[in-house]
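Here is the file work.pdb (PDB, C-alpha atoms and all ligand atoms).
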```pdb
ATOM      1  CA  MET A   1     -19.727 -44.637  38.085
ATOM      2  CA  ALA A   2     -15.965 -44.686  37.784
ATOM      3  CA  ALA A   3     -16.308 -45.805  34.171
ATOM      4  CA  ARG A   4     -18.629 -42.907  33.462
ATOM      5  CA  MET A   5     -16.233 -40.380  35.012
ATOM      6  CA  LYS A   6     -13.442 -41.859  32.951
ATOM      7  CA  MET A   7     -15.544 -41.553  29.808
ATOM      8  CA  GLU A   8     -16.420 -37.934  30.616
ATOM      9  CA  MET A   9     -12.781 -37.102  31.253
ATOM     10  CA  GLU A  10     -11.789 -38.689  27.971
ATOM     11  CA  MET A  11     -14.482 -36.716  26.157
ATOM     12  CA  GLU A  12     -13.216 -33.525  27.716
ATOM     13  CA  ILE A  13      -9.638 -34.310  26.721
ATOM     14  CA  ASN A  14     -10.764 -35.049  23.172
ATOM     15  CA  MET A  15     -12.716 -31.793  23.040
ATOM     16  CA  ASN A  16      -9.707 -29.858  24.297
ATOM     17  CA  MET A  17      -7.545 -31.500  21.680
ATOM     18  CA  ASP A  18     -10.041 -30.590  18.984
ATOM     19  CA  MET A  19     -10.081 -27.008  20.212
ATOM     20  CA  ASN A  20      -6.280 -26.911  20.199
ATOM     21  CA  ILE A  21      -6.194 -28.150  16.643
ATOM     22  CA  GLU A  22      -8.797 -25.566  15.677
ATOM     23  CA  ARG A  23      -6.951 -22.775  17.468
ATOM     24  CA  LYS A  24      -3.668 -23.747  15.830
ATOM     25  CA  SER A  25      -5.066 -23.943  12.330
ATOM     26  CA  SER A  26      -6.716 -20.521  12.679
ATOM     27  CA  ILE A  27      -3.349 -18.800  13.304
ATOM     28  CA  PRO A  28      -2.304 -17.161  10.039
ATOM     29  CA  LYS A  29       0.854 -18.405   8.340
ATOM     30  CA  ILE A  30       3.161 -15.423   8.077
ATOM     31  CA  ILE A  31       5.770 -17.283   5.994
ATOM     32  CA  GLN A  32       5.354 -20.327   3.758
ATOM     33  CA  VAL A  33       8.301 -22.041   2.118
ATOM     34  CA  LYS A  34       7.308 -24.387  -0.699
ATOM     35  CA  LYS A  35       9.633 -26.809  -2.474
ATOM     36  CA  LEU A  36      12.592 -24.449  -2.098
ATOM     37  CA  VAL A  37      15.740 -25.493  -3.935
ATOM     38  CA  ALA A  38      18.890 -23.378  -3.588
ATOM     39  CA  LYS A  39      22.112 -23.764  -5.525
ATOM     40  CA  TYR A  40      25.467 -22.065  -5.805
ATOM     41  CA  GLY A  41      26.486 -22.871  -9.379
ATOM     42  CA  ASP A  42      26.115 -26.643  -9.735
ATOM     43  CA  LYS A  43      26.143 -27.254  -6.013
ATOM     44  CA  THR A  44      22.708 -27.830  -4.449
ATOM     45  CA  VAL A  45      22.628 -26.463  -0.913
ATOM     46  CA  LEU A  46      18.899 -26.689  -0.085
ATOM     47  CA  GLU A  47      16.827 -29.532  -1.498
ATOM     48  CA  ASN A  48      13.049 -29.363  -1.558
ATOM     49  CA  ILE A  49      12.561 -27.451   1.691
ATOM     50  CA  ASN A  50       8.955 -27.078   2.918
ATOM     51  CA  PHE A  51       7.749 -25.416   6.107
ATOM     52  CA  ASP A  52       5.344 -22.772   7.421
ATOM     53  CA  ILE A  53       5.830 -20.232  10.184
ATOM     54  CA  ASN A  54       2.873 -19.112  12.291
ATOM     55  CA  ALA A  55       2.399 -15.404  12.950
ATOM     56  CA  GLY A  56       3.786 -14.439  16.350
ATOM     57  CA  GLU A  57       5.859 -17.601  16.716
ATOM     58  CA  ILE A  58       9.452 -17.836  17.986
ATOM     59  CA  PHE A  59      10.833 -20.125  15.289
ATOM     60  CA  MET A  60      14.382 -21.440  15.405
ATOM     61  CA  ILE A  61      16.569 -22.891  12.680
ATOM     62  CA  VAL A  62      19.314 -25.180  13.971
ATOM     63  CA  GLY A  63      21.905 -27.495  12.456
ATOM     64  CA  GLY A  64      25.630 -28.013  12.051
ATOM     65  CA  SER A  65      27.984 -25.668  10.298
ATOM     66  CA  GLY A  66      27.574 -25.614   6.518
ATOM     67  CA  CYS A  67      24.113 -27.240   6.486
ATOM     68  CA  GLY A  68      22.504 -24.250   4.752
ATOM     69  CA  LYS A  69      21.085 -22.066   7.549
ATOM     70  CA  THR A  70      22.461 -18.768   6.277
ATOM     71  CA  THR A  71      21.548 -19.678   2.702
ATOM     72  CA  LEU A  72      17.965 -20.308   3.839
ATOM     73  CA  LEU A  73      17.888 -17.017   5.771
ATOM     74  CA  ASN A  74      19.222 -15.107   2.767
ATOM     75  CA  HIS A  75      16.383 -16.481   0.636
ATOM     76  CA  LEU A  76      13.769 -15.595   3.240
ATOM     77  CA  ILE A  77      14.949 -11.984   3.287
ATOM     78  CA  GLY A  78      15.137 -11.677  -0.503
ATOM     79  CA  LEU A  79      18.930 -11.467  -0.759
ATOM     80  CA  LEU A  80      19.205 -14.691  -2.768
ATOM     81  CA  TRP A  81      16.764 -15.883  -5.439
ATOM     82  CA  PRO A  82      15.605 -19.502  -5.307
ATOM     83  CA  PHE A  83      16.734 -21.932  -7.998
ATOM     84  CA  SER A  84      13.131 -23.164  -7.783
ATOM     85  CA  GLY A  85      10.232 -23.135  -5.343
ATOM     86  CA  GLN A  86       8.367 -20.353  -3.590
ATOM     87  CA  ILE A  87       8.572 -18.176  -0.506
ATOM     88  CA  LEU A  88       5.288 -16.577   0.499
ATOM     89  CA  ILE A  89       5.215 -13.753   3.013
ATOM     90  CA  GLU A  90       1.690 -13.075   4.212
ATOM     91  CA  GLU A  91       0.416 -15.020   1.187
ATOM     92  CA  GLU A  92       2.460 -12.987  -1.319
ATOM     93  CA  ASP A  93       5.120 -14.684  -3.426
ATOM     94  CA  LEU A  94       8.311 -12.760  -2.671
ATOM     95  CA  PHE A  95       9.873 -13.690  -6.009
ATOM     96  CA  ASN A  96       6.839 -13.383  -8.238
ATOM     97  CA  VAL A  97       5.839  -9.740  -7.753
ATOM     98  CA  ASN A  98       7.088  -6.517  -9.258
ATOM     99  CA  GLU A  99      10.043  -4.722  -7.692
ATOM    100  CA  GLU A 100       7.914  -2.128  -5.923
ATOM    101  CA  ARG A 101       5.720  -4.807  -4.337
ATOM    102  CA  GLN A 102       8.785  -6.822  -3.365
ATOM    103  CA  LEU A 103      10.241  -3.815  -1.556
ATOM    104  CA  SER A 104       7.050  -3.290   0.376
ATOM    105  CA  ILE A 105       6.968  -6.988   1.360
ATOM    106  CA  LEU A 106      10.591  -6.723   2.501
ATOM    107  CA  ARG A 107       9.662  -3.674   4.582
ATOM    108  CA  LYS A 108       7.842  -6.112   6.891
ATOM    109  CA  ILE A 109      11.178  -7.694   7.741
ATOM    110  CA  GLY A 110      14.001  -6.655  10.055
ATOM    111  CA  VAL A 111      17.331  -8.470  10.168
ATOM    112  CA  LEU A 112      20.113  -8.805  12.699
ATOM    113  CA  PHE A 113      22.974 -10.412  10.790
ATOM    114  CA  GLN A 114      25.355 -12.700  12.648
ATOM    115  CA  ASN A 115      28.183 -10.217  12.394
ATOM    116  CA  GLY A 116      25.761  -7.361  12.015
ATOM    117  CA  ALA A 117      28.059  -4.952  13.674
ATOM    118  CA  LEU A 118      27.008  -1.389  14.285
ATOM    119  CA  PHE A 119      28.757   1.332  12.354
ATOM    120  CA  THR A 120      31.639   2.198  14.661
ATOM    121  CA  SER A 121      32.119   5.788  13.540
ATOM    122  CA  ILE A 122      28.596   6.940  14.379
ATOM    123  CA  ASN A 123      26.833   6.975  17.738
ATOM    124  CA  VAL A 124      23.907   4.867  18.975
ATOM    125  CA  HIS A 125      21.346   7.452  17.872
ATOM    126  CA  ALA A 126      22.697   7.600  14.331
ATOM    127  CA  ASN A 127      22.960   3.805  14.107
ATOM    128  CA  ILE A 128      19.333   3.201  15.072
ATOM    129  CA  GLY A 129      18.114   6.139  12.990
ATOM    130  CA  LEU A 130      19.983   5.057   9.838
ATOM    131  CA  PRO A 131      17.189   2.951   8.241
ATOM    132  CA  LEU A 132      14.704   5.759   8.973
ATOM    133  CA  LYS A 133      16.968   8.357   7.407
ATOM    134  CA  GLU A 134      17.706   6.232   4.347
ATOM    135  CA  LEU A 135      14.282   4.727   3.701
ATOM    136  CA  THR A 136      11.714   7.272   4.906
ATOM    137  CA  LYS A 137      11.071  10.965   4.446
ATOM    138  CA  LEU A 138      10.472  11.548   8.146
ATOM    139  CA  PRO A 139      11.738  14.835   9.616
ATOM    140  CA  THR A 140      14.690  14.723  12.024
ATOM    141  CA  ASP A 141      12.668  15.274  15.183
ATOM    142  CA  ALA A 142      10.269  12.428  14.320
ATOM    143  CA  ILE A 143      13.266  10.164  13.690
ATOM    144  CA  SER A 144      14.715  11.177  17.072
ATOM    145  CA  GLN A 145      11.476  10.269  18.792
ATOM    146  CA  ILE A 146      11.336   6.856  17.128
ATOM    147  CA  VAL A 147      15.009   6.197  17.945
ATOM    148  CA  GLN A 148      14.358   6.942  21.621
ATOM    149  CA  ASN A 149      11.327   4.647  21.663
ATOM    150  CA  LYS A 150      13.244   1.795  20.063
ATOM    151  CA  LEU A 151      16.086   2.171  22.531
ATOM    152  CA  LYS A 152      13.657   1.998  25.438
ATOM    153  CA  MET A 153      11.977  -1.016  23.854
ATOM    154  CA  VAL A 154      15.227  -2.981  23.967
ATOM    155  CA  GLY A 155      15.662  -2.044  27.618
ATOM    156  CA  LEU A 156      18.368   0.591  27.305
ATOM    157  CA  ASP A 157      18.396   4.037  28.866
ATOM    158  CA  ILE A 158      18.317   7.029  26.531
ATOM    159  CA  ASN A 159      21.530   8.261  28.205
ATOM    160  CA  ASN A 160      23.258   5.826  25.844
ATOM    161  CA  LEU A 161      22.167   7.666  22.692
ATOM    162  CA  GLU A 162      25.334   9.722  22.330
ATOM    163  CA  LEU A 163      27.701   6.815  23.015
ATOM    164  CA  PHE A 164      29.735   5.116  20.293
ATOM    165  CA  PRO A 165      29.636   1.326  19.808
ATOM    166  CA  ALA A 166      33.127   0.910  21.312
ATOM    167  CA  GLU A 167      31.815   2.383  24.565
ATOM    168  CA  LEU A 168      29.116  -0.291  24.924
ATOM    169  CA  SER A 169      29.289  -3.828  26.304
ATOM    170  CA  GLY A 170      28.713  -6.772  23.932
ATOM    171  CA  GLY A 171      25.182  -7.271  25.241
ATOM    172  CA  MET A 172      24.353  -3.585  24.805
ATOM    173  CA  ARG A 173      25.709  -3.578  21.240
ATOM    174  CA  LYS A 174      23.422  -6.503  20.325
ATOM    175  CA  ARG A 175      20.471  -4.660  21.883
ATOM    176  CA  VAL A 176      21.220  -1.547  19.865
ATOM    177  CA  ALA A 177      21.460  -3.741  16.756
ATOM    178  CA  VAL A 178      18.017  -5.177  17.601
ATOM    179  CA  ALA A 179      16.698  -1.626  18.047
ATOM    180  CA  ARG A 180      18.088  -0.752  14.599
ATOM    181  CA  ALA A 181      16.506  -3.861  13.058
ATOM    182  CA  MET A 182      13.205  -2.706  14.586
ATOM    183  CA  ALA A 183      13.463   0.872  13.326
ATOM    184  CA  LEU A 184      10.887   0.386  10.565
ATOM    185  CA  ASP A 185       8.456  -1.554  12.803
ATOM    186  CA  PRO A 186       8.898  -4.975  11.208
ATOM    187  CA  LYS A 187       6.339  -7.722  11.761
ATOM    188  CA  ILE A 188       9.082 -10.291  11.298
ATOM    189  CA  LEU A 189      12.558 -10.193  12.825
ATOM    190  CA  PHE A 190      15.370 -12.463  11.638
ATOM    191  CA  LEU A 191      18.209 -12.943  14.083
ATOM    192  CA  ASP A 192      21.360 -14.861  13.104
ATOM    193  CA  GLU A 193      22.976 -16.197  16.305
ATOM    194  CA  PRO A 194      21.747 -13.394  18.613
ATOM    195  CA  THR A 195      23.363 -14.861  21.740
ATOM    196  CA  SER A 196      26.698 -15.975  20.276
ATOM    197  CA  GLY A 197      29.674 -14.251  21.840
ATOM    198  CA  LEU A 198      27.635 -13.073  24.821
ATOM    199  CA  ASP A 199      28.309 -14.013  28.442
ATOM    200  CA  PRO A 200      25.565 -16.189  30.021
ATOM    201  CA  ILE A 201      23.899 -13.249  31.774
ATOM    202  CA  SER A 202      23.712 -11.096  28.636
ATOM    203  CA  ALA A 203      22.574 -14.135  26.618
ATOM    204  CA  ASN A 204      19.792 -14.690  29.128
ATOM    205  CA  GLU A 205      18.820 -11.012  28.903
ATOM    206  CA  MET A 206      18.688 -11.285  25.099
ATOM    207  CA  ASP A 207      16.355 -14.307  25.391
ATOM    208  CA  THR A 208      14.125 -12.394  27.806
ATOM    209  CA  LEU A 209      14.049  -9.433  25.419
ATOM    210  CA  ILE A 210      13.035 -11.646  22.470
ATOM    211  CA  VAL A 211      10.154 -13.178  24.464
ATOM    212  CA  LYS A 212       9.065  -9.719  25.610
ATOM    213  CA  LEU A 213       9.040  -8.298  22.077
ATOM    214  CA  SER A 214       7.192 -11.329  20.809
ATOM    215  CA  LYS A 215       4.532 -11.087  23.534
ATOM    216  CA  ILE A 216       4.089  -7.304  23.628
ATOM    217  CA  LEU A 217       4.458  -6.432  19.947
ATOM    218  CA  GLY A 218       3.462  -9.782  18.419
ATOM    219  CA  ILE A 219       6.642  -9.830  16.331
ATOM    220  CA  THR A 220       7.411 -13.165  14.631
ATOM    221  CA  PHE A 221      11.005 -14.218  15.324
ATOM    222  CA  ILE A 222      13.048 -16.452  13.066
ATOM    223  CA  ILE A 223      16.273 -17.212  14.827
ATOM    224  CA  ILE A 224      19.351 -19.168  13.789
ATOM    225  CA  SER A 225      20.966 -20.526  16.918
ATOM    226  CA  HIS A 226      23.370 -23.088  18.357
ATOM    227  CA  ASP A 227      22.594 -22.036  21.893
ATOM    228  CA  LEU A 228      20.905 -24.998  23.605
ATOM    229  CA  ILE A 229      19.830 -22.966  26.630
ATOM    230  CA  SER A 230      18.205 -20.408  24.390
ATOM    231  CA  ILE A 231      16.558 -23.031  22.137
ATOM    232  CA  ASN A 232      15.122 -24.923  25.114
ATOM    233  CA  LYS A 233      13.985 -21.769  26.845
ATOM    234  CA  ILE A 234      12.339 -19.671  24.161
ATOM    235  CA  ALA A 235      11.761 -21.666  20.944
ATOM    236  CA  GLU A 236       8.157 -22.541  20.187
ATOM    237  CA  ARG A 237       9.104 -24.410  17.050
ATOM    238  CA  VAL A 238      12.419 -25.712  15.758
ATOM    239  CA  ILE A 239      13.555 -27.080  12.416
ATOM    240  CA  PHE A 240      16.793 -29.025  12.200
ATOM    241  CA  LEU A 241      18.684 -28.754   8.918
ATOM    242  CA  HIS A 242      21.194 -31.304   7.726
ATOM    243  CA  GLU A 243      22.863 -31.288   4.311
ATOM    244  CA  GLY A 244      20.111 -29.143   2.854
ATOM    245  CA  HIS A 245      17.177 -31.173   4.243
ATOM    246  CA  ILE A 246      14.900 -30.668   7.222
ATOM    247  CA  ILE A 247      15.487 -33.809   9.286
ATOM    248  CA  ALA A 248      13.386 -32.827  12.298
ATOM    249  CA  ASP A 249      10.559 -30.376  12.936
ATOM    250  CA  GLY A 250       8.844 -29.803  16.280
ATOM    251  CA  ASN A 251       9.105 -28.125  19.666
ATOM    252  CA  PRO A 252      12.200 -28.338  21.920
ATOM    253  CA  LYS A 253      10.549 -30.986  24.122
ATOM    254  CA  GLU A 254      10.104 -33.228  21.106
ATOM    255  CA  PHE A 255      13.681 -32.573  20.016
ATOM    256  CA  ASN A 256      15.020 -33.668  23.401
ATOM    257  CA  GLN A 257      13.339 -37.064  22.892
ATOM    258  CA  HIS A 258      14.129 -37.340  19.178
ATOM    259  CA  GLN A 259      15.403 -40.656  17.833
ATOM    260  CA  ASN A 260      17.501 -39.290  14.968
ATOM    261  CA  PRO A 261      21.169 -39.693  16.034
ATOM    262  CA  LEU A 262      22.200 -36.263  14.682
ATOM    263  CA  VAL A 263      19.391 -34.523  16.552
ATOM    264  CA  LYS A 264      20.143 -36.584  19.659
ATOM    265  CA  GLU A 265      23.799 -35.602  19.516
ATOM    266  CA  PHE A 266      22.973 -31.912  19.044
ATOM    267  CA  PHE A 267      20.536 -31.856  21.956
ATOM    268  CA  SER A 268      22.673 -33.885  24.360
ATOM    269  CA  ARG A 269      25.757 -31.697  24.083
ATOM    270  CA  GLU A 270      27.209 -30.523  27.346
ATOM    271  CA  VAL A 271      26.251 -26.947  27.876
ATOM    272  CA  CYS A 272      29.217 -24.901  29.056
ATOM    273  CA  LEU A 273      28.353 -22.114  31.412
TER     274      LEU A 273
HETATM  275  N1  LIG A 301      28.423 -17.765  -1.818
HETATM  276  C1  LIG A 301      28.624 -19.091  -1.824
HETATM  277  N2  LIG A 301      29.126 -19.718  -2.907
HETATM  278  C2  LIG A 301      29.323 -21.050  -2.936
HETATM  279  N3  LIG A 301      29.030 -21.870  -1.907
HETATM  280  C3  LIG A 301      28.527 -21.311  -0.795
HETATM  281  C4  LIG A 301      28.295 -19.911  -0.689
HETATM  282  N4  LIG A 301      27.782 -19.631   0.555
HETATM  283  C5  LIG A 301      27.709 -20.832   1.157
HETATM  284  N5  LIG A 301      28.147 -21.817   0.382
HETATM  285  C6  LIG A 301      28.167 -23.250   0.713
HETATM  286  O1  LIG A 301      26.831 -23.669   0.941
HETATM  287  C7  LIG A 301      26.750 -24.548   2.054
HETATM  288  C8  LIG A 301      25.812 -23.951   3.102
HETATM  289  O2  LIG A 301      26.382 -22.764   3.614
HETATM  290  P1  LIG A 301      25.658 -21.851   4.684
HETATM  291  O3  LIG A 301      24.291 -21.582   4.216
HETATM  292  O4  LIG A 301      26.541 -20.686   4.946
HETATM  293  O5  LIG A 301      25.629 -22.826   5.945
HETATM  294  P2  LIG A 301      25.439 -22.517   7.513
HETATM  295  O6  LIG A 301      24.966 -21.124   7.646
HETATM  296  O7  LIG A 301      24.476 -23.542   7.970
HETATM  297  O8  LIG A 301      26.786 -22.715   8.145
HETATM  298  C9  LIG A 301      28.175 -24.747   2.543
HETATM  299  O9  LIG A 301      28.689 -25.929   1.965
HETATM  300  C10 LIG A 301      28.897 -23.528   2.008
HETATM  301  O10 LIG A 301      30.250 -23.832   1.780
HETATM  302 MG    MG A 302      25.779 -19.450   8.754
END
```
Take the structure in the file and write it out as structure tokens.
Ligand SMILES: Nc1ncnc2c1ncn2[C@@H]1O[C@H](COP(=O)(O)OP(=O)(O)O)[C@@H](O)[C@H]1O
Ligand SMILES: [Mg+2]
Amino acid sequence: MAARMKMEMEMEINMNMDMNIERKSSIPKIIQVKKLVAKYGDKTVLENINFDINAGEIFMIVGGSGCGKTTLLNHLIGLLWPFSGQILIEEEDLFNVNEERQLSILRKIGVLFQNGALFTSINVHANIGLPLKELTKLPTDAISQIVQNKLKMVGLDINNLELFPAELSGGMRKRVAVARAMALDPKILFLDEPTSGLDPISANEMDTLIVKLSKILGITFIIISHDLISINKIAERVIFLHEGHIIADGNPKEFNQHQNPLVKEFFSREVCL
């Protein structure tokens, strides 16, 4: 009897595993990077990089300084052209389409650069509305409505609309920058070090916001981060770059048990609060 129960349990586990595999493989790949090589002059910075990002995933890119994270990001957002290889966004080759098509692919993407400061001489409203003013033909009142919605989406009160960046806290400035990156309703948001320079409470609020936007709007997040708390708390998938190669790929739990010494060192750092 016990043997039979054990067999049934094992069958159920196997079935669940099969279903998980099936469920995973049915999630569309929103980004595919194939054999990407990046160079500055003669210097190769990324060597044969391959990975896929699932739609709706919170995907983090980690690694030491100078390993190629920003270079990779700049290729994914079309700012740098690959030396060789492909980047597909929703199955379309970003670098093998005409200019018009490329622009419409890039419209699916929002970016918060690491030092993506707000323009200091214009207020919150004008900062968030800038991409709408520059890239759409929407009338002013429609832009205003969208700006207010985006501000609410990042958890800020619309009383802040008339304030200038200098009047905001660091955490609020980052939120406004996220609202600006979301102005054109991107499916994919790239964030370069979104919690760096923030106090632990604001960093935690930023993590909560990212999870909320991912769950409610289904936005795919690609985040460069050194923040162990943030990686452990919100990443669904992590790639670890070292000298232009991916040396580890998995979820944070797997990274915490990883045997590679560089990954071990990165994940066993003391976290300063
Ligand atoms: N514009 C550039 N010209 C030449 N070398 C560069 C340029 N940008 C970055 N590099 C070099 O490429 C390597 C990867 O840089 P980067 O992508 O900025 O790394 P990370 O963001 O991981 O710190 C580094 O050795 C850096 O010095
Ligand atoms: Mg960088």
Contacts of segment 167-180 of chain A at 10 Å or less, counting all atoms listed in the file, minus same-chain residues fewer than 2 places along, as a compact mmCIF listing (two decimals) with C-alpha atoms, in the frame of the given file?
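File written: result01.txt
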```
# COMPACT_ATOMS: atom_id res chain seq x y z
CA GLY A 110 14.00 -6.66 10.06
CA VAL A 111 17.33 -8.47 10.17
CA LEU A 112 20.11 -8.80 12.70
CA PHE A 113 22.97 -10.41 10.79
CA ASN A 115 28.18 -10.22 12.39
CA GLY A 116 25.76 -7.36 12.02
CA ALA A 117 28.06 -4.95 13.67
CA LEU A 118 27.01 -1.39 14.28
CA PHE A 119 28.76 1.33 12.35
CA THR A 120 31.64 2.20 14.66
CA ASN A 123 26.83 6.98 17.74
CA VAL A 124 23.91 4.87 18.98
CA HIS A 125 21.35 7.45 17.87
CA ALA A 126 22.70 7.60 14.33
CA ASN A 127 22.96 3.80 14.11
CA ILE A 128 19.33 3.20 15.07
CA GLY A 129 18.11 6.14 12.99
CA LEU A 130 19.98 5.06 9.84
CA PRO A 131 17.19 2.95 8.24
CA LEU A 132 14.70 5.76 8.97
CA VAL A 147 15.01 6.20 17.94
CA GLN A 148 14.36 6.94 21.62
CA ASN A 149 11.33 4.65 21.66
CA LYS A 150 13.24 1.80 20.06
CA LEU A 151 16.09 2.17 22.53
CA LYS A 152 13.66 2.00 25.44
CA MET A 153 11.98 -1.02 23.85
CA VAL A 154 15.23 -2.98 23.97
CA GLY A 155 15.66 -2.04 27.62
CA LEU A 156 18.37 0.59 27.30
CA ASN A 160 23.26 5.83 25.84
CA LEU A 161 22.17 7.67 22.69
CA LEU A 163 27.70 6.82 23.02
CA PHE A 164 29.74 5.12 20.29
CA PRO A 165 29.64 1.33 19.81
CA MET A 182 13.20 -2.71 14.59
CA ALA A 183 13.46 0.87 13.33
CA LEU A 184 10.89 0.39 10.56
CA ASP A 185 8.46 -1.55 12.80
CA LEU A 189 12.56 -10.19 12.82
CA PHE A 190 15.37 -12.46 11.64
CA LEU A 191 18.21 -12.94 14.08
CA PRO A 194 21.75 -13.39 18.61
CA THR A 195 23.36 -14.86 21.74
CA GLY A 197 29.67 -14.25 21.84
CA LEU A 198 27.64 -13.07 24.82
CA ASP A 199 28.31 -14.01 28.44
CA ILE A 201 23.90 -13.25 31.77
CA SER A 202 23.71 -11.10 28.64
CA ALA A 203 22.57 -14.14 26.62
CA ASN A 204 19.79 -14.69 29.13
CA GLU A 205 18.82 -11.01 28.90
CA MET A 206 18.69 -11.28 25.10
CA LEU A 209 14.05 -9.43 25.42
CA ILE A 210 13.04 -11.65 22.47
```
Selection as number ranges by chain: residues within 9 Å of (22.5, -24.8, 3.6), counting all atoms listed in the file:
A: 38, 44-47, 65-72, 241-245
Take the selection from the previous step and output its residues with C-alpha atoms, as a PDB file, in the coordinates of the input.
```
ATOM      1  CA  ALA A  38      18.890 -23.378  -3.588  1.00  0.00           C
ATOM      2  CA  THR A  44      22.708 -27.830  -4.449  1.00  0.00           C
ATOM      3  CA  VAL A  45      22.628 -26.463  -0.913  1.00  0.00           C
ATOM      4  CA  LEU A  46      18.899 -26.689  -0.085  1.00  0.00           C
ATOM      5  CA  GLU A  47      16.827 -29.532  -1.498  1.00  0.00           C
ATOM      6  CA  SER A  65      27.984 -25.668  10.298  1.00  0.00           C
ATOM      7  CA  GLY A  66      27.574 -25.614   6.518  1.00  0.00           C
ATOM      8  CA  CYS A  67      24.113 -27.240   6.486  1.00  0.00           C
ATOM      9  CA  GLY A  68      22.504 -24.250   4.752  1.00  0.00           C
ATOM     10  CA  LYS A  69      21.085 -22.066   7.549  1.00  0.00           C
ATOM     11  CA  THR A  70      22.461 -18.768   6.277  1.00  0.00           C
ATOM     12  CA  THR A  71      21.548 -19.678   2.702  1.00  0.00           C
ATOM     13  CA  LEU A  72      17.965 -20.308   3.839  1.00  0.00           C
ATOM     14  CA  LEU A 241      18.684 -28.754   8.918  1.00  0.00           C
ATOM     15  CA  HIS A 242      21.194 -31.304   7.726  1.00  0.00           C
ATOM     16  CA  GLU A 243      22.863 -31.288   4.311  1.00  0.00           C
ATOM     17  CA  GLY A 244      20.111 -29.143   2.854  1.00  0.00           C
ATOM     18  CA  HIS A 245      17.177 -31.173   4.243  1.00  0.00           C
TER      19      HIS A 245
END
```
Select, from A:Ile122, A:Ile229, A:Leu94, A:Val62, the residue with the minimum atom-to-atom distance to ligand MG 302 (chain A), counting all atoms listed in the file.
A:Val62
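Checking A:Lys137, A:His226, A:Arg269, A:Lys253 one by one against ligand LIG 301 (chain A), counting only C-alpha atoms and all ligand atoms, you find the shortest gap at A:His226.
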Restricting the calculation to only C-alpha atoms and all ligand atoms: of A:Ser268, A:Gln114, A:Ser121, A:Asn50, which residue gets closest to ligand LIG 301 (chain A)?
A:Gln114
I need the residue set behind the PyMOL selection byres (((chain A and resi 228) around 9) and not hetatm) for this file; please write it as a short mmCIF file (atom, residue, chain, number, x, y, z; two decimals) with C-alpha atoms, keeping the file's coordinate frame.
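Listed below is the output, selection19.cif:
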```cif
data_model
loop_
_atom_site.label_atom_id
_atom_site.label_comp_id
_atom_site.auth_asym_id
_atom_site.auth_seq_id
_atom_site.Cartn_x
_atom_site.Cartn_y
_atom_site.Cartn_z
CA SER A 225 20.97 -20.53 16.92
CA HIS A 226 23.37 -23.09 18.36
CA ASP A 227 22.59 -22.04 21.89
CA ILE A 229 19.83 -22.97 26.63
CA SER A 230 18.20 -20.41 24.39
CA ILE A 231 16.56 -23.03 22.14
CA ASN A 232 15.12 -24.92 25.11
CA LYS A 233 13.98 -21.77 26.84
CA PHE A 266 22.97 -31.91 19.04
CA PHE A 267 20.54 -31.86 21.96
CA ARG A 269 25.76 -31.70 24.08
CA VAL A 271 26.25 -26.95 27.88
#
```
List the neighbours of segment 85-91 of chain A out to 9 Å using all atoms listed in the file; skip same-chain residues closer than 4 positions along the sequence, and give me the result as a PyMOL selection string.
chain A and resi 28-38+48-49+75-76+95-96+105-106+108
Could you rebuild segment 30-39 of chain A with N, CA and C atoms and give it back as a PDB file, in the coordinates of the input?
```
ATOM      1  N   ILE A  30       2.535 -16.680   8.516  1.00  0.00           N
ATOM      2  CA  ILE A  30       3.161 -15.423   8.077  1.00  0.00           C
ATOM      3  C   ILE A  30       4.194 -15.698   6.975  1.00  0.00           C
ATOM      4  N   ILE A  31       4.818 -16.884   7.040  1.00  0.00           N
ATOM      5  CA  ILE A  31       5.770 -17.283   5.994  1.00  0.00           C
ATOM      6  C   ILE A  31       5.468 -18.718   5.572  1.00  0.00           C
ATOM      7  N   GLN A  32       5.481 -18.953   4.259  1.00  0.00           N
ATOM      8  CA  GLN A  32       5.354 -20.327   3.758  1.00  0.00           C
ATOM      9  C   GLN A  32       6.483 -20.588   2.770  1.00  0.00           C
ATOM     10  N   VAL A  33       7.213 -21.647   3.019  1.00  0.00           N
ATOM     11  CA  VAL A  33       8.301 -22.041   2.118  1.00  0.00           C
ATOM     12  C   VAL A  33       7.849 -23.315   1.405  1.00  0.00           C
ATOM     13  N   LYS A  34       7.839 -23.249   0.067  1.00  0.00           N
ATOM     14  CA  LYS A  34       7.308 -24.387  -0.699  1.00  0.00           C
ATOM     15  C   LYS A  34       8.349 -24.872  -1.698  1.00  0.00           C
ATOM     16  N   LYS A  35       8.733 -26.107  -1.527  1.00  0.00           N
ATOM     17  CA  LYS A  35       9.633 -26.809  -2.474  1.00  0.00           C
ATOM     18  C   LYS A  35      10.866 -25.976  -2.829  1.00  0.00           C
ATOM     19  N   LEU A  36      11.448 -25.334  -1.826  1.00  0.00           N
ATOM     20  CA  LEU A  36      12.592 -24.449  -2.098  1.00  0.00           C
ATOM     21  C   LEU A  36      13.857 -25.253  -2.423  1.00  0.00           C
ATOM     22  N   VAL A  37      14.447 -24.914  -3.556  1.00  0.00           N
ATOM     23  CA  VAL A  37      15.740 -25.493  -3.935  1.00  0.00           C
ATOM     24  C   VAL A  37      16.704 -24.327  -4.105  1.00  0.00           C
ATOM     25  N   ALA A  38      17.888 -24.438  -3.458  1.00  0.00           N
ATOM     26  CA  ALA A  38      18.890 -23.378  -3.588  1.00  0.00           C
ATOM     27  C   ALA A  38      20.194 -23.982  -4.070  1.00  0.00           C
ATOM     28  N   LYS A  39      20.839 -23.277  -4.978  1.00  0.00           N
ATOM     29  CA  LYS A  39      22.112 -23.764  -5.525  1.00  0.00           C
ATOM     30  C   LYS A  39      23.117 -22.630  -5.582  1.00  0.00           C
TER      31      LYS A  39
END
```
